[in-house]
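Here's the structure, in structure tokens; my notes come after.
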Amino acid sequence: EKGGFDSFMDKEIHDQPHAVADTLLGRTDAAGNLVLDDLRIDESVLRAVNKIIVIACGTAAYSGHVAKYAIEHWCRIPVEVELAHEFRYRDPIVDERTLVVAVTQSGETMDTLMAVRHAREQGAKVVSIVNTHGSTIPRESDAVLYTHAGPEIAVASTKAFLAQITAAYLLGLYLAQLRGNKFPDEIASLLDDLRDMPRKIQTVIERGEYVRATARSMSDCDKVLFLGRHVGFPVALEGALKLKELAYIHAEGFAAGELKHGPIALIDEGQPVFVVVPSPRGRDSLHSKVVSNIQEIRARGAHTLVIAEDGDDEVRKYADEVFWIPKAPTLLQPLLAVVPLQIFAMALATAKGLDVDQPRNLAKSVTVE
Ligand code: M6R
């Protein structure tokens with residue numbers, strides 16, 4: 001069943017190019033327009049949406065956090081991302097013009113289900129992004145967009161995360177198409193970029209041995225920090241979650257811009273810090289800001305482990321270790337940047353002799369509140 005891999009998690013990491021490719025399959029018509037057949041919500045309702053709230057838990061919530069950057073950019077609709085268990089207890093502002101997007105691998109997470117019910121009671125339409133057919137949340141939603149990642153067995157979510165980002169991006173592009181925020185050729189070119197991702201994800205996986213060796217050499221570390229900016233911020237949060245749940249190491253993700261507002265005080269000699277570096281070709285000089293962050297923490301003794309784009313010579317000068325990923329448009333970079341972090345957590349847990357498929361105290365789907 002593990003297809004020759006040591007663990008389901010390892011297999012599922014290797015499944016990721018397929019998870020993304022299959023989630024993209026069959027979503028365009030002969031003219032190249034995006035068609036989401038499963039999204040059975042009246043077009044007039046979707047045109048009138050004035051706010052999107054993504055509700056989810058854990059890794060699924062981080063995929064929503066990534067999608068927020070893309071959907072706001074493409075559709076100019078405000079997107080909030082809320083942990084499902086917080087959403088329903090804070091009297092959220094939800095009405096008929098709110099589109100709630102519930103993201104869940106299992107489709108059974110009780111917190112997310114209760115939030116879906118609450119949102120619908122307030123008159124919102126709910127689209128769920130779900131991996132498991134026949135599960136409860138799609139049955140209770142107005143529409144469902146399935147991720148086609150295949151069954152995910154390991155407790156730590158990997159391929160579902162990439163498929164969730166892909167599906168949420170399809171939803172964002174569909175809304176942009178419907179509402180006229182983007183020209184058809186712009187949408188076609190963004191879809192081409194997405195279709196190019198499985199090949200690039202495969203490249204990152206093939207470079208995994210260096211990540212594994214690094215993880216093995218760090219098996220005695222007890223605290224790891226992760227920094228990212230823009231879409232790299234939720235990637236940092238996800239990298240930290242993987243390490244907590246698999247290797248039982250205290251790990252924390254920060255928005256790199258927050259460093260000087262507190263977290264930099266954590267840095268001392270030898271402190272491992274992962275940094276997700278934005279593309280040097282991206283807008284708004286984010287790249288140089290993150291490179292400065294690397295210099296700042298290194299000057300204070302940090303051991304910097306950097307995820308950077310091929311050819312980023314600037315980063316090479318300042319990082320202790322670099323995990324290279326292929327070039328990709330900024331909004332698509334999370335599909336690549338998270339992969340070394342998944343491999344790192346898995347390899348470090350394995351080096352500690354832990355069961356990566358079934359970490360202590362955790363269940364694959366959390367069906368209680
Ligand atoms: O099945 P769901 O996607 O609703 O599950 C949500 C979280 O419980 C899940 O992502 C959890 O955080 C994973 N163990 C993370 O690896």
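Labels for the structure tokens follow display order: chains A, B, ..., residues from 1 in each chain, ligands from 1.
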
Where does chain A meet ligand 1 within 7 Å, residue by residue, with the nearest atom pair and distance in Å to one decimal for each, counting only C-alpha atoms and all ligand atoms, listed by chain and rising number, as CSV?
```
residue,atom,partner,partner_atom_place_in_ligand_line,distance
A:Ala56,CA,ligand 1,4 (O),6.3
A:Cys57,CA,ligand 1,6 (C),4.6
A:Gly58,CA,ligand 1,12 (O),3.3
A:Thr59,CA,ligand 1,10 (O),3.8
A:Ala60,CA,ligand 1,10 (O),4.9
A:Val103,CA,ligand 1,3 (O),6.5
A:Thr104,CA,ligand 1,3 (O),3.4
A:Gln105,CA,ligand 1,3 (O),3.5
A:Ser106,CA,ligand 1,1 (O),3.6
A:Gly107,CA,ligand 1,1 (O),5.8
A:Glu108,CA,ligand 1,1 (O),6.3
A:Thr109,CA,ligand 1,4 (O),4.6
A:Thr112,CA,ligand 1,4 (O),6.7
A:Val155,CA,ligand 1,14 (N),5.1
A:Ala156,CA,ligand 1,16 (O),3.4
A:Ser157,CA,ligand 1,16 (O),3.9
A:Thr158,CA,ligand 1,16 (O),6.9
A:Leu241,CA,ligand 1,16 (O),6.9
A:Lys242,CA,ligand 1,16 (O),6.1
A:Lys364,CA,ligand 1,14 (N),6.2
A:Ser365,CA,ligand 1,1 (O),5.2
A:Val366,CA,ligand 1,8 (O),5.8
```

Dump as a tab-separated table (two decimals), in the first residue's frame, selection limited to N, CA, C and O atoms:
```tsv
chain	number	residue	atom	x	y	z
A	56	ALA	N	-11.53	26.91	8.21
A	56	ALA	CA	-10.81	25.65	8.17
A	56	ALA	C	-10.00	25.53	9.45
A	56	ALA	O	-9.99	26.45	10.27
A	57	CYS	N	-9.32	24.40	9.60
A	57	CYS	CA	-8.45	24.20	10.76
A	57	CYS	C	-7.09	23.68	10.27
A	57	CYS	O	-7.01	23.03	9.24
A	58	GLY	N	-6.08	23.93	11.07
A	58	GLY	CA	-4.76	23.35	10.83
A	58	GLY	C	-4.21	23.68	9.45
A	58	GLY	O	-4.31	24.81	8.97
A	59	THR	N	-3.67	22.66	8.81
A	59	THR	CA	-3.07	22.83	7.49
A	59	THR	C	-4.06	23.39	6.47
A	59	THR	O	-3.71	24.22	5.63
A	60	ALA	N	-5.30	22.94	6.56
A	60	ALA	CA	-6.31	23.42	5.61
A	60	ALA	C	-6.48	24.94	5.76
A	60	ALA	O	-6.69	25.65	4.76
A	103	VAL	N	-12.60	24.69	3.87
A	103	VAL	CA	-11.55	23.83	3.31
A	103	VAL	C	-11.28	22.68	4.26
A	103	VAL	O	-11.02	22.90	5.45
A	104	THR	N	-11.34	21.47	3.76
A	104	THR	CA	-11.11	20.31	4.62
A	104	THR	C	-10.72	19.08	3.80
A	104	THR	O	-11.35	18.77	2.79
A	105	GLN	N	-9.69	18.42	4.24
A	105	GLN	CA	-9.28	17.17	3.58
A	105	GLN	C	-10.31	16.09	3.84
A	105	GLN	O	-10.82	15.46	2.92
A	106	SER	N	-10.62	15.89	5.11
A	106	SER	CA	-11.48	14.75	5.49
A	106	SER	C	-12.95	14.99	5.18
A	106	SER	O	-13.70	14.04	4.95
A	107	GLY	N	-13.35	16.26	5.23
A	107	GLY	CA	-14.77	16.56	5.10
A	107	GLY	C	-15.55	16.23	6.36
A	107	GLY	O	-16.78	16.28	6.38
A	108	GLU	N	-14.85	15.87	7.42
A	108	GLU	CA	-15.52	15.43	8.66
A	108	GLU	C	-15.12	16.25	9.88
A	108	GLU	O	-15.57	15.94	10.99
A	109	THR	N	-14.25	17.22	9.72
A	109	THR	CA	-13.79	17.98	10.89
A	109	THR	C	-14.97	18.68	11.56
A	109	THR	O	-15.65	19.51	10.95
A	112	THR	N	-15.18	22.52	11.64
A	112	THR	CA	-15.47	23.11	10.33
A	112	THR	C	-16.94	22.88	9.97
A	112	THR	O	-17.61	23.79	9.47
A	155	VAL	N	-1.25	11.11	9.12
A	155	VAL	CA	-1.93	12.16	9.91
A	155	VAL	C	-1.48	13.55	9.45
A	155	VAL	O	-2.30	14.47	9.34
A	156	ALA	N	-0.22	13.70	9.15
A	156	ALA	CA	0.27	15.00	8.70
A	156	ALA	C	-0.16	15.23	7.26
A	156	ALA	O	0.13	14.43	6.37
A	157	SER	N	-0.84	16.33	7.03
A	157	SER	CA	-1.36	16.61	5.70
A	157	SER	C	-0.24	17.14	4.79
A	157	SER	O	0.52	18.01	5.17
A	158	THR	N	-0.15	16.59	3.59
A	158	THR	CA	0.86	17.07	2.63
A	158	THR	C	0.20	17.32	1.27
A	158	THR	O	-0.04	18.46	0.88
A	241	LEU	N	4.16	23.80	11.77
A	241	LEU	CA	3.17	22.81	12.21
A	241	LEU	C	3.66	21.39	11.92
A	241	LEU	O	3.54	20.48	12.75
A	242	LYS	N	4.24	21.19	10.73
A	242	LYS	CA	4.73	19.85	10.37
A	242	LYS	C	5.77	19.39	11.39
A	242	LYS	O	5.76	18.25	11.82
A	364	LYS	N	-6.32	11.41	12.49
A	364	LYS	CA	-6.36	11.93	11.11
A	364	LYS	C	-7.51	12.90	10.93
A	364	LYS	O	-7.37	13.94	10.32
A	365	SER	N	-8.69	12.54	11.41
A	365	SER	CA	-9.74	13.55	11.33
A	365	SER	C	-10.32	13.78	12.72
A	365	SER	O	-10.57	12.84	13.47
A	366	VAL	N	-10.51	15.05	13.00
A	366	VAL	CA	-10.90	15.46	14.35
A	366	VAL	C	-12.41	15.63	14.36
A	366	VAL	O	-12.93	16.69	14.00
```

Residues of segment 159-232 of chain A at most 12 Å from segment 284-296 of chain A: nearest atom pair and distance in Å, only C-alpha atoms, as CSV:
```
residue,atom,partner,partner_atom,distance
A:Phe226,CA,A:Ile294,CA,11.4
A:Leu227,CA,A:Val290,CA,8.9
A:Gly228,CA,A:Val290,CA,7.9
A:Arg229,CA,A:Val290,CA,7.6
A:His230,CA,A:Leu286,CA,8.4
A:Val231,CA,A:Leu286,CA,11.1
A:Gly232,CA,A:Val290,CA,10.4
```

Quiz prompt | Backbone DSSP call of alpha helix (DSSP H) for segment 26-73 of chain A, listed as a PyMOL selection string | solution = chain A and resi 43-48+58-73

Practice problem: For Val130 of chain A, work out the shell of residues within 12 Å, counting only C-alpha atoms and skipping chain neighbours fewer than 6 positions away, then give it as a ChimeraX atom specification. | Solution: /A:23,38,56,60,101-109,112-113,136-141,143-152,160-161,163-168

Quiz prompt | One-decimal distance in Å that lies between atom CA of Arg212 of chain A and atom CA of Asp193 of chain A | solution = 28.5 Å

Quiz prompt | Distance criterion (only C-alpha atoms): nearest to Leu237 of chain A out of A:Gly172, A:Pro326, A:Gly311, A:Pro334 | solution =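 Under the stated criterion, the closest residue is A:Pro334.
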
Practice problem: Go through A:Ile343, A:Ala215, A:Ala299, A:Leu83 and flag the residue nearest Asp111 of chain A, using only C-alpha atoms for the distances. | Solution: A:Leu83

Exercise. Could you give me, as a PyMOL selection string, the residues within 12 Å of Leu246 of chain A, counting only C-alpha atoms and dropping anything in the same chain fewer than 4 positions from it?
Key: chain A and resi 9+154-157+239-242+250-251+341-362

Run DSSP on the backbone and grab whatever in segment 71-207 of chain A lands in strand (DSSP E or B); send it over as a compact mmCIF listing (two decimals) with N, CA and C atoms, in the first residue's frame.
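Writing the result to states-v2.txt gives the following:
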```txt
# COMPACT_ATOMS: atom_id res chain seq x y z
N VAL A 79 -11.00 39.02 1.50
CA VAL A 79 -11.03 37.62 1.95
C VAL A 79 -10.53 37.56 3.39
N GLU A 80 -11.33 36.98 4.27
CA GLU A 80 -10.87 36.72 5.64
C GLU A 80 -10.61 35.23 5.75
N VAL A 81 -9.63 34.89 6.57
CA VAL A 81 -9.39 33.47 6.83
C VAL A 81 -9.57 33.27 8.32
N GLU A 82 -10.41 32.34 8.66
CA GLU A 82 -10.70 32.20 10.09
C GLU A 82 -10.67 30.73 10.49
N LEU A 83 -10.05 30.46 11.62
CA LEU A 83 -10.10 29.11 12.16
C LEU A 83 -11.57 28.80 12.48
N THR A 98 -22.17 37.08 1.51
CA THR A 98 -20.90 36.49 1.95
C THR A 98 -20.77 35.11 1.33
N LEU A 99 -19.60 34.85 0.75
CA LEU A 99 -19.31 33.49 0.29
C LEU A 99 -18.37 32.86 1.30
N VAL A 100 -18.82 31.78 1.91
CA VAL A 100 -17.97 31.07 2.85
C VAL A 100 -17.32 29.90 2.12
N VAL A 101 -16.02 29.78 2.25
CA VAL A 101 -15.29 28.67 1.63
C VAL A 101 -14.74 27.79 2.75
N ALA A 102 -15.27 26.60 2.88
CA ALA A 102 -14.81 25.68 3.93
C ALA A 102 -13.79 24.73 3.31
N VAL A 103 -12.60 24.69 3.87
CA VAL A 103 -11.55 23.83 3.31
C VAL A 103 -11.28 22.68 4.26
N THR A 104 -11.34 21.47 3.76
CA THR A 104 -11.11 20.31 4.62
C THR A 104 -10.72 19.08 3.80
N LYS A 125 -23.79 31.60 1.39
CA LYS A 125 -23.60 30.42 0.56
C LYS A 125 -22.26 29.79 0.96
N VAL A 126 -22.23 28.48 0.98
CA VAL A 126 -20.99 27.79 1.37
C VAL A 126 -20.50 26.90 0.23
N VAL A 127 -19.27 27.16 -0.18
CA VAL A 127 -18.58 26.26 -1.11
C VAL A 127 -17.57 25.50 -0.28
N SER A 128 -17.55 24.19 -0.36
CA SER A 128 -16.49 23.49 0.36
C SER A 128 -15.47 22.94 -0.62
N ILE A 129 -14.23 22.98 -0.17
CA ILE A 129 -13.10 22.40 -0.92
C ILE A 129 -12.70 21.17 -0.13
N VAL A 130 -12.98 20.00 -0.70
CA VAL A 130 -12.94 18.76 0.08
C VAL A 130 -12.19 17.69 -0.70
N ALA A 143 -22.29 24.03 -2.45
CA ALA A 143 -21.55 23.51 -3.60
C ALA A 143 -20.23 22.95 -3.10
N VAL A 144 -19.64 22.09 -3.92
CA VAL A 144 -18.36 21.51 -3.51
C VAL A 144 -17.39 21.51 -4.68
N LEU A 145 -16.16 21.81 -4.34
CA LEU A 145 -15.09 21.74 -5.33
C LEU A 145 -14.15 20.66 -4.79
N TYR A 146 -14.09 19.52 -5.46
CA TYR A 146 -13.25 18.44 -4.93
C TYR A 146 -11.79 18.65 -5.31
```

Neighbours of Asp42 of chain A within 12 Å (only C-alpha atoms; same-chain residues fewer than 3 positions away dropped), as a PDB file with all heavy atoms, in the first residue's frame?
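Saved result, around.pdb, follows:
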```
ATOM      1  N   ASP A  37     -17.940  22.846 -13.062  1.00  0.00           N
ATOM      2  CA  ASP A  37     -19.271  22.234 -13.143  1.00  0.00           C
ATOM      3  C   ASP A  37     -19.871  21.938 -11.783  1.00  0.00           C
ATOM      4  O   ASP A  37     -21.073  22.025 -11.583  1.00  0.00           O
ATOM      5  CB  ASP A  37     -19.192  20.905 -13.912  1.00  0.00           C
ATOM      6  CG  ASP A  37     -19.037  21.159 -15.392  1.00  0.00           C
ATOM      7  OD1 ASP A  37     -19.417  22.256 -15.830  1.00  0.00           O
ATOM      8  OD2 ASP A  37     -18.522  20.261 -16.080  1.00  0.00           O
ATOM      9  N   ASP A  38     -18.967  21.555 -10.859  1.00  0.00           N
ATOM     10  CA  ASP A  38     -19.475  21.162  -9.547  1.00  0.00           C
ATOM     11  C   ASP A  38     -19.918  22.365  -8.711  1.00  0.00           C
ATOM     12  O   ASP A  38     -20.536  22.205  -7.670  1.00  0.00           O
ATOM     13  CB  ASP A  38     -18.444  20.312  -8.778  1.00  0.00           C
ATOM     14  CG  ASP A  38     -17.024  20.416  -9.300  1.00  0.00           C
ATOM     15  OD1 ASP A  38     -16.756  21.309 -10.128  1.00  0.00           O
ATOM     16  OD2 ASP A  38     -16.186  19.606  -8.876  1.00  0.00           O
ATOM     17  N   LEU A  39     -19.632  23.562  -9.183  1.00  0.00           N
ATOM     18  CA  LEU A  39     -19.946  24.754  -8.389  1.00  0.00           C
ATOM     19  C   LEU A  39     -21.365  25.233  -8.681  1.00  0.00           C
ATOM     20  O   LEU A  39     -21.578  26.219  -9.378  1.00  0.00           O
ATOM     21  CB  LEU A  39     -18.934  25.850  -8.740  1.00  0.00           C
ATOM     22  CG  LEU A  39     -18.749  26.916  -7.678  1.00  0.00           C
ATOM     23  CD1 LEU A  39     -18.012  26.349  -6.477  1.00  0.00           C
ATOM     24  CD2 LEU A  39     -17.982  28.088  -8.236  1.00  0.00           C
ATOM     25  N   VAL A  45     -25.564  35.116  -7.898  1.00  0.00           N
ATOM     26  CA  VAL A  45     -25.156  35.140  -6.479  1.00  0.00           C
ATOM     27  C   VAL A  45     -23.640  35.344  -6.386  1.00  0.00           C
ATOM     28  O   VAL A  45     -23.150  36.167  -5.606  1.00  0.00           O
ATOM     29  CB  VAL A  45     -25.582  33.821  -5.775  1.00  0.00           C
ATOM     30  CG1 VAL A  45     -25.034  33.761  -4.353  1.00  0.00           C
ATOM     31  CG2 VAL A  45     -27.092  33.672  -5.783  1.00  0.00           C
ATOM     32  N   LEU A  46     -22.912  34.633  -7.220  1.00  0.00           N
ATOM     33  CA  LEU A  46     -21.446  34.749  -7.182  1.00  0.00           C
ATOM     34  C   LEU A  46     -20.980  36.147  -7.613  1.00  0.00           C
ATOM     35  O   LEU A  46     -20.006  36.671  -7.093  1.00  0.00           O
ATOM     36  CB  LEU A  46     -20.795  33.678  -8.065  1.00  0.00           C
ATOM     37  CG  LEU A  46     -20.973  32.234  -7.578  1.00  0.00           C
ATOM     38  CD1 LEU A  46     -20.376  31.259  -8.578  1.00  0.00           C
ATOM     39  CD2 LEU A  46     -20.331  32.027  -6.203  1.00  0.00           C
ATOM     40  N   ARG A  47     -21.723  36.749  -8.547  1.00  0.00           N
ATOM     41  CA  ARG A  47     -21.361  38.110  -8.979  1.00  0.00           C
ATOM     42  C   ARG A  47     -21.594  39.128  -7.874  1.00  0.00           C
ATOM     43  O   ARG A  47     -20.928  40.150  -7.800  1.00  0.00           O
ATOM     44  CB  ARG A  47     -22.171  38.516 -10.206  1.00  0.00           C
ATOM     45  CG  ARG A  47     -21.585  37.978 -11.478  1.00  0.00           C
ATOM     46  CD  ARG A  47     -22.047  38.729 -12.721  1.00  0.00           C
ATOM     47  NE  ARG A  47     -21.733  37.898 -13.873  1.00  0.00           N
ATOM     48  CZ  ARG A  47     -22.581  37.027 -14.404  1.00  0.00           C
ATOM     49  NH1 ARG A  47     -23.805  36.918 -13.942  1.00  0.00           N
ATOM     50  NH2 ARG A  47     -22.196  36.282 -15.423  1.00  0.00           N
ATOM     51  N   ALA A  48     -22.564  38.825  -7.017  1.00  0.00           N
ATOM     52  CA  ALA A  48     -22.938  39.793  -5.972  1.00  0.00           C
ATOM     53  C   ALA A  48     -22.106  39.647  -4.688  1.00  0.00           C
ATOM     54  O   ALA A  48     -22.208  40.481  -3.780  1.00  0.00           O
ATOM     55  CB  ALA A  48     -24.418  39.633  -5.638  1.00  0.00           C
ATOM     56  N   VAL A  49     -21.268  38.612  -4.634  1.00  0.00           N
ATOM     57  CA  VAL A  49     -20.496  38.382  -3.400  1.00  0.00           C
ATOM     58  C   VAL A  49     -19.637  39.605  -3.075  1.00  0.00           C
ATOM     59  O   VAL A  49     -18.959  40.145  -3.948  1.00  0.00           O
ATOM     60  CB  VAL A  49     -19.592  37.130  -3.591  1.00  0.00           C
ATOM     61  CG1 VAL A  49     -18.506  37.070  -2.536  1.00  0.00           C
ATOM     62  CG2 VAL A  49     -20.440  35.868  -3.592  1.00  0.00           C
ATOM     63  N   LYS A 125     -23.785  31.600   1.386  1.00  0.00           N
ATOM     64  CA  LYS A 125     -23.596  30.415   0.562  1.00  0.00           C
ATOM     65  C   LYS A 125     -22.257  29.793   0.958  1.00  0.00           C
ATOM     66  O   LYS A 125     -21.280  30.511   1.188  1.00  0.00           O
ATOM     67  CB  LYS A 125     -23.528  30.786  -0.926  1.00  0.00           C
ATOM     68  CG  LYS A 125     -24.858  31.279  -1.467  1.00  0.00           C
ATOM     69  CD  LYS A 125     -25.817  30.125  -1.707  1.00  0.00           C
ATOM     70  CE  LYS A 125     -27.095  30.615  -2.342  1.00  0.00           C
ATOM     71  NZ  LYS A 125     -28.299  30.037  -1.741  1.00  0.00           N
ATOM     72  N   ASP A 142     -23.508  24.313  -0.042  1.00  0.00           N
ATOM     73  CA  ASP A 142     -24.290  24.626  -1.244  1.00  0.00           C
ATOM     74  C   ASP A 142     -23.609  24.071  -2.484  1.00  0.00           C
ATOM     75  O   ASP A 142     -24.265  23.733  -3.466  1.00  0.00           O
ATOM     76  CB  ASP A 142     -24.433  26.146  -1.365  1.00  0.00           C
ATOM     77  CG  ASP A 142     -25.256  26.701  -0.222  1.00  0.00           C
ATOM     78  OD1 ASP A 142     -26.481  26.529  -0.259  1.00  0.00           O
ATOM     79  OD2 ASP A 142     -24.672  27.258   0.728  1.00  0.00           O
ATOM     80  N   ALA A 143     -22.290  24.027  -2.448  1.00  0.00           N
ATOM     81  CA  ALA A 143     -21.547  23.508  -3.602  1.00  0.00           C
ATOM     82  C   ALA A 143     -20.228  22.948  -3.098  1.00  0.00           C
ATOM     83  O   ALA A 143     -19.770  23.294  -2.008  1.00  0.00           O
ATOM     84  CB  ALA A 143     -21.276  24.628  -4.598  1.00  0.00           C
ATOM     85  N   LEU A 178     -15.802  35.315 -14.032  1.00  0.00           N
ATOM     86  CA  LEU A 178     -17.234  35.603 -13.965  1.00  0.00           C
ATOM     87  C   LEU A 178     -17.516  37.078 -13.741  1.00  0.00           C
ATOM     88  O   LEU A 178     -18.461  37.653 -14.287  1.00  0.00           O
ATOM     89  CB  LEU A 178     -17.795  34.791 -12.788  1.00  0.00           C
ATOM     90  CG  LEU A 178     -19.281  34.633 -12.664  1.00  0.00           C
ATOM     91  CD1 LEU A 178     -19.755  33.685 -13.745  1.00  0.00           C
ATOM     92  CD2 LEU A 178     -19.612  34.044 -11.287  1.00  0.00           C
TER      93      LEU A 178
END
```

Practice problem: Tell me which protein, DNA and RNA residues are within 12 Å of Arg207 of chain A, counting only C-alpha atoms, leaving out same-chain ones fewer than 2 positions away, and put them as JSON, numbers by chain. | Solution: {"A": [14, 200, 201, 202, 203, 204, 205, 209, 210, 211, 212, 213, 322, 323, 324, 325, 326, 336, 339, 340, 343, 344]}

Exercise. Within 12 Å of Asp91 of chain A, counting only C-alpha atoms, which residues show up once you throw out same-chain ones fewer than 2 positions away? Write them as a list of chain:residue names, please.
Key: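 Those residues are A:His85, A:Glu86, A:Phe87, A:Arg88, A:Tyr89, A:Ile93, A:Val94, A:Asp95, A:Ala115, A:His118, A:Ala119, A:Gln122.
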
Practice problem: For atom CA of Ile55 of chain A and atom CA of Arg195 of chain A, quote the distance in Å rounded to one decimal. | Solution: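 Between these atoms lies a distance of 26.3 Å.
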
Quiz prompt | One-decimal distance in Å that lies between atom CA of Pro17 of chain A and atom CA of Phe5 of chain A | solution =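 Calculated distance between atom CA of Phe5 of chain A and atom CA of Pro17 of chain A is 16.3 Å.
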
Check which residues of segment 26-58 of chain A sit at most 10 Å from segment 183-187 of chain A using only C-alpha atoms, and return one row each with the closest pair of atoms and their distance in Å to one decimal, ordered by chain and rising number, as a Markdown table.
```
| residue | atom | partner | partner_atom | distance |
| --- | --- | --- | --- | --- |
| A:Ala31 | CA | A:Pro184 | CA | 9.9 |
| A:Gly32 | CA | A:Pro184 | CA | 8.4 |
| A:Asn33 | CA | A:Pro184 | CA | 7.3 |
| A:Leu34 | CA | A:Ile187 | CA | 8.3 |
```
